[in-house]
Protein chains: 2
Amino acid sequence: MRISQLSEQAGLPVGTVKFYLRTGLLQPGVVVSATQAEYDEAHLARLRLIRALLEVGHLSHAEILKVLEALDLSGSDLPGALQQVHRSTAGRHPEGALDGALDPAAAASLVSDLGWQVDGDSPYLVELARAVAALESVGLAPSRERLRVYAESAAHVARHDVAWVRSAADDDKVLVSTASAVLWEAVLNALRQLANEHQEARQDSGVPAPRMPAP
Amino acid sequence: MRISQLSEQAGLPVGTVKFYLRTGLLQPGVVVSATQAEYDEAHLARLRLIRALLEVGHLSHAEILKVLEALDLSGSDLPGALQQVHRSTAGRHPEGALDGALDPAAAASLVSDLGWQVDGDSPYLVELARAVAALESVGLAPSRERLRVYAESAAHVARHDVAWVRSAADDDKVLVSTASAVLWEAVLNALRQLANEHQEARQDSGVPAPRMPAP
């Protein structure tokens with residue numbers, strides 16, 4: 001298909017598609033004349049992924065580029081590609097921010113209290129430390145009990161996330177892992193706020209709280 | 001204290017503090033001379049909150065302004081202030097994006113399948129519909145079962161969130177609610193990724209998966 005059809009089907013302006021071509025987010029089409037190239041379903045799929053990561057996942061162009069590199073890498077080095085996806089969705093924060101309050105070692109100790117085994121250099125220990133430091137800075141240091149409740153919820157979805165990625169075909173694993181990390185995070189955050197609305201309404205009406213299903 | 005001391009204690013450049021004063025994020029100090037004003041602990045607390053919402057919560061200046069207005073409103077209209085906080089942390093997305101795929105009615109039906117009662121005009125139904133549409137657009141439409149697992153996790157933390165806000169003193173409720181919506185979201189997202197790392201390591205080593213504690 002021509003770039004105008006590609007643009008229409010992806011729901012993006014032609015200028016945006018051209019920008020993605022120039023910056024390497026979108027792979028080039030097959031040149032058919034001096035001024036035209038031909039695009040196919042693979043281009044459309046990539047544009048849809050870029051859009052989802054940008055508009056729902058709020059990833060930067062640099063982060064999306066890393067995810068797309070991981071997709072290209074997956075044929076030759078699947079574990080490396082999966083690791084790159086996992087790492088490229090972390091650290092979406094400006095360097096140096098809240099540095100004074102950062103304590104990844106304390107976050108690591110907390111995570112090991114939960115019985116979790118994670119790399120000491122995981123970027124998500126830094127993310128956790130940043131969030132805890134932010135809570136402390138506004139005078140609302142988290143209790144261990146509350147962190148444990150959150151850890152239980154996180155573990156509950158993570159068990160299913162990991163099983164989902166494992167059950168995917170090798171060719172799909174990087175895409176499924178990306179969707180799990182980025183798009184399902186948006187699902188979880190929306191559901192959490194909706195669950196809050198439901199709880200508020202329920203408590204106001206005096207109806208007892210719903211039970212948490214066992215795993 | 002002087003603006004230089006305020007800036008130092010908040011860990012922000014003086015220029016940034018002045019910018020927050022000009023744009024109304026930070027309340028004015030007490031004028032002590034033609035060129036100087038005096039600031040106190042309330043100014044410091046507000047700067048720390050702004051920083052946490054900006055750097056960890058990724059709220060925009062407009063969103064932070066709404067949260068701060070809610071804080072000011074809480075003395076006269078606490079329910080209205082809490083509602084404003086809840087709504088101002090939603091819809092952090094550009095208008096019109098992914099519009100073709102939006103279906104809040106389908107999201108509402110999903111939420112009602114879960115037995116949840118939420119407002120039909122909740123902005124988080126739109127957020128959920130956007131995330132589901134993004135998954136569909138990359139060919140990974142969510143199953144009901146997987147959405148239910150996520151809903152269980154969301155409900156688990158929401159029960160504690162709501163109880164936490166309820167148990168706070170009236171004067172603190174808006175701050176606690178803001179922290180719960182914005183900063184604890186960052187905690188949950190970091191813990192989820194760390195739980196993923198743990199699950200991956202555990203499955204690689206053949207150790208059985210940890211149990212999910214009952215509520």
# chains A, B, ... in the order shown; residues from 1 in each chain; ligands from 1

call {"tool": "interface_residues", "arguments": {"of": "chain A", "to": "chain B", "cutoff": "7 Å", "atoms": "only C-alpha atoms", "output": "PyMOL selection string"}}
result
chain A and resi 45+48-49+52+55-56+97+116-118+124+127-128+130-131+134-135+137-138+149-159+162+183+185-200+212+214-215

call {"tool": "residues_around", "arguments": {"residues": "Leu65 of chain B", "least_positions_apart": "5", "cutoff": "10 Å", "atoms": "only C-alpha atoms", "output": "number ranges by chain"}}
result
B: 23-26, 50, 59-60, 70-71, 88

call {"tool": "atom_distance", "arguments": {"atom1": "atom CA of Ser109 of chain B", "atom2": "atom CA of Leu82 of chain B"}}
result
25.7 Å

call {"tool": "decode", "arguments": {"residues": "segment 32-53 of chain B", "atoms": "N, CA and C atoms", "output": "PDB file, in the first residue's frame"}}
result
ATOM      1  N   VAL B  32       8.647  41.115  53.666  1.00  0.00           N
ATOM      2  CA  VAL B  32       9.326  41.797  54.777  1.00  0.00           C
ATOM      3  C   VAL B  32      10.077  43.038  54.314  1.00  0.00           C
ATOM      4  N   SER B  33      10.322  43.163  53.028  1.00  0.00           N
ATOM      5  CA  SER B  33      10.911  44.399  52.486  1.00  0.00           C
ATOM      6  C   SER B  33      10.584  44.450  51.001  1.00  0.00           C
ATOM      7  N   ALA B  34      11.036  45.507  50.339  1.00  0.00           N
ATOM      8  CA  ALA B  34      10.709  45.667  48.921  1.00  0.00           C
ATOM      9  C   ALA B  34      11.239  44.507  48.085  1.00  0.00           C
ATOM     10  N   THR B  35      12.305  43.863  48.553  1.00  0.00           N
ATOM     11  CA  THR B  35      12.920  42.807  47.740  1.00  0.00           C
ATOM     12  C   THR B  35      12.944  41.445  48.418  1.00  0.00           C
ATOM     13  N   GLN B  36      12.348  41.374  49.637  1.00  0.00           N
ATOM     14  CA  GLN B  36      12.426  40.083  50.318  1.00  0.00           C
ATOM     15  C   GLN B  36      11.097  39.629  50.894  1.00  0.00           C
ATOM     16  N   ALA B  37      10.921  38.314  50.902  1.00  0.00           N
ATOM     17  CA  ALA B  37       9.754  37.713  51.548  1.00  0.00           C
ATOM     18  C   ALA B  37      10.259  36.578  52.445  1.00  0.00           C
ATOM     19  N   GLU B  38       9.417  36.244  53.398  1.00  0.00           N
ATOM     20  CA  GLU B  38       9.784  35.226  54.389  1.00  0.00           C
ATOM     21  C   GLU B  38       8.895  33.995  54.179  1.00  0.00           C
ATOM     22  N   TYR B  39       9.519  32.816  54.216  1.00  0.00           N
ATOM     23  CA  TYR B  39       8.786  31.566  53.976  1.00  0.00           C
ATOM     24  C   TYR B  39       8.890  30.665  55.206  1.00  0.00           C
ATOM     25  N   ASP B  40       7.930  29.738  55.320  1.00  0.00           N
ATOM     26  CA  ASP B  40       7.935  28.860  56.497  1.00  0.00           C
ATOM     27  C   ASP B  40       7.784  27.384  56.113  1.00  0.00           C
ATOM     28  N   GLU B  41       7.527  26.565  57.121  1.00  0.00           N
ATOM     29  CA  GLU B  41       7.438  25.116  56.912  1.00  0.00           C
ATOM     30  C   GLU B  41       6.319  24.734  55.932  1.00  0.00           C
ATOM     31  N   ALA B  42       5.236  25.532  55.917  1.00  0.00           N
ATOM     32  CA  ALA B  42       4.123  25.222  55.003  1.00  0.00           C
ATOM     33  C   ALA B  42       4.578  25.341  53.542  1.00  0.00           C
ATOM     34  N   HIS B  43       5.454  26.328  53.272  1.00  0.00           N
ATOM     35  CA  HIS B  43       5.992  26.471  51.923  1.00  0.00           C
ATOM     36  C   HIS B  43       6.885  25.280  51.560  1.00  0.00           C
ATOM     37  N   LEU B  44       7.678  24.863  52.530  1.00  0.00           N
ATOM     38  CA  LEU B  44       8.578  23.738  52.303  1.00  0.00           C
ATOM     39  C   LEU B  44       7.779  22.465  52.029  1.00  0.00           C
ATOM     40  N   ALA B  45       6.732  22.258  52.841  1.00  0.00           N
ATOM     41  CA  ALA B  45       5.888  21.067  52.661  1.00  0.00           C
ATOM     42  C   ALA B  45       5.247  21.070  51.276  1.00  0.00           C
ATOM     43  N   ARG B  46       4.793  22.241  50.842  1.00  0.00           N
ATOM     44  CA  ARG B  46       4.155  22.314  49.525  1.00  0.00           C
ATOM     45  C   ARG B  46       5.161  22.038  48.405  1.00  0.00           C
ATOM     46  N   LEU B  47       6.375  22.582  48.542  1.00  0.00           N
ATOM     47  CA  LEU B  47       7.394  22.306  47.521  1.00  0.00           C
ATOM     48  C   LEU B  47       7.712  20.818  47.439  1.00  0.00           C
ATOM     49  N   ARG B  48       7.755  20.172  48.614  1.00  0.00           N
ATOM     50  CA  ARG B  48       8.053  18.727  48.610  1.00  0.00           C
ATOM     51  C   ARG B  48       6.932  17.949  47.931  1.00  0.00           C
ATOM     52  N   LEU B  49       5.705  18.383  48.143  1.00  0.00           N
ATOM     53  CA  LEU B  49       4.572  17.720  47.496  1.00  0.00           C
ATOM     54  C   LEU B  49       4.616  17.929  45.975  1.00  0.00           C
ATOM     55  N   ILE B  50       4.867  19.177  45.564  1.00  0.00           N
ATOM     56  CA  ILE B  50       4.964  19.468  44.125  1.00  0.00           C
ATOM     57  C   ILE B  50       6.020  18.582  43.475  1.00  0.00           C
ATOM     58  N   ARG B  51       7.163  18.489  44.148  1.00  0.00           N
ATOM     59  CA  ARG B  51       8.268  17.705  43.608  1.00  0.00           C
ATOM     60  C   ARG B  51       7.910  16.235  43.469  1.00  0.00           C
ATOM     61  N   ALA B  52       7.257  15.695  44.497  1.00  0.00           N
ATOM     62  CA  ALA B  52       6.873  14.279  44.478  1.00  0.00           C
ATOM     63  C   ALA B  52       5.869  14.014  43.357  1.00  0.00           C
ATOM     64  N   LEU B  53       4.891  14.915  43.211  1.00  0.00           N
ATOM     65  CA  LEU B  53       3.861  14.716  42.179  1.00  0.00           C
ATOM     66  C   LEU B  53       4.432  14.846  40.777  1.00  0.00           C
TER      67      LEU B  53
END
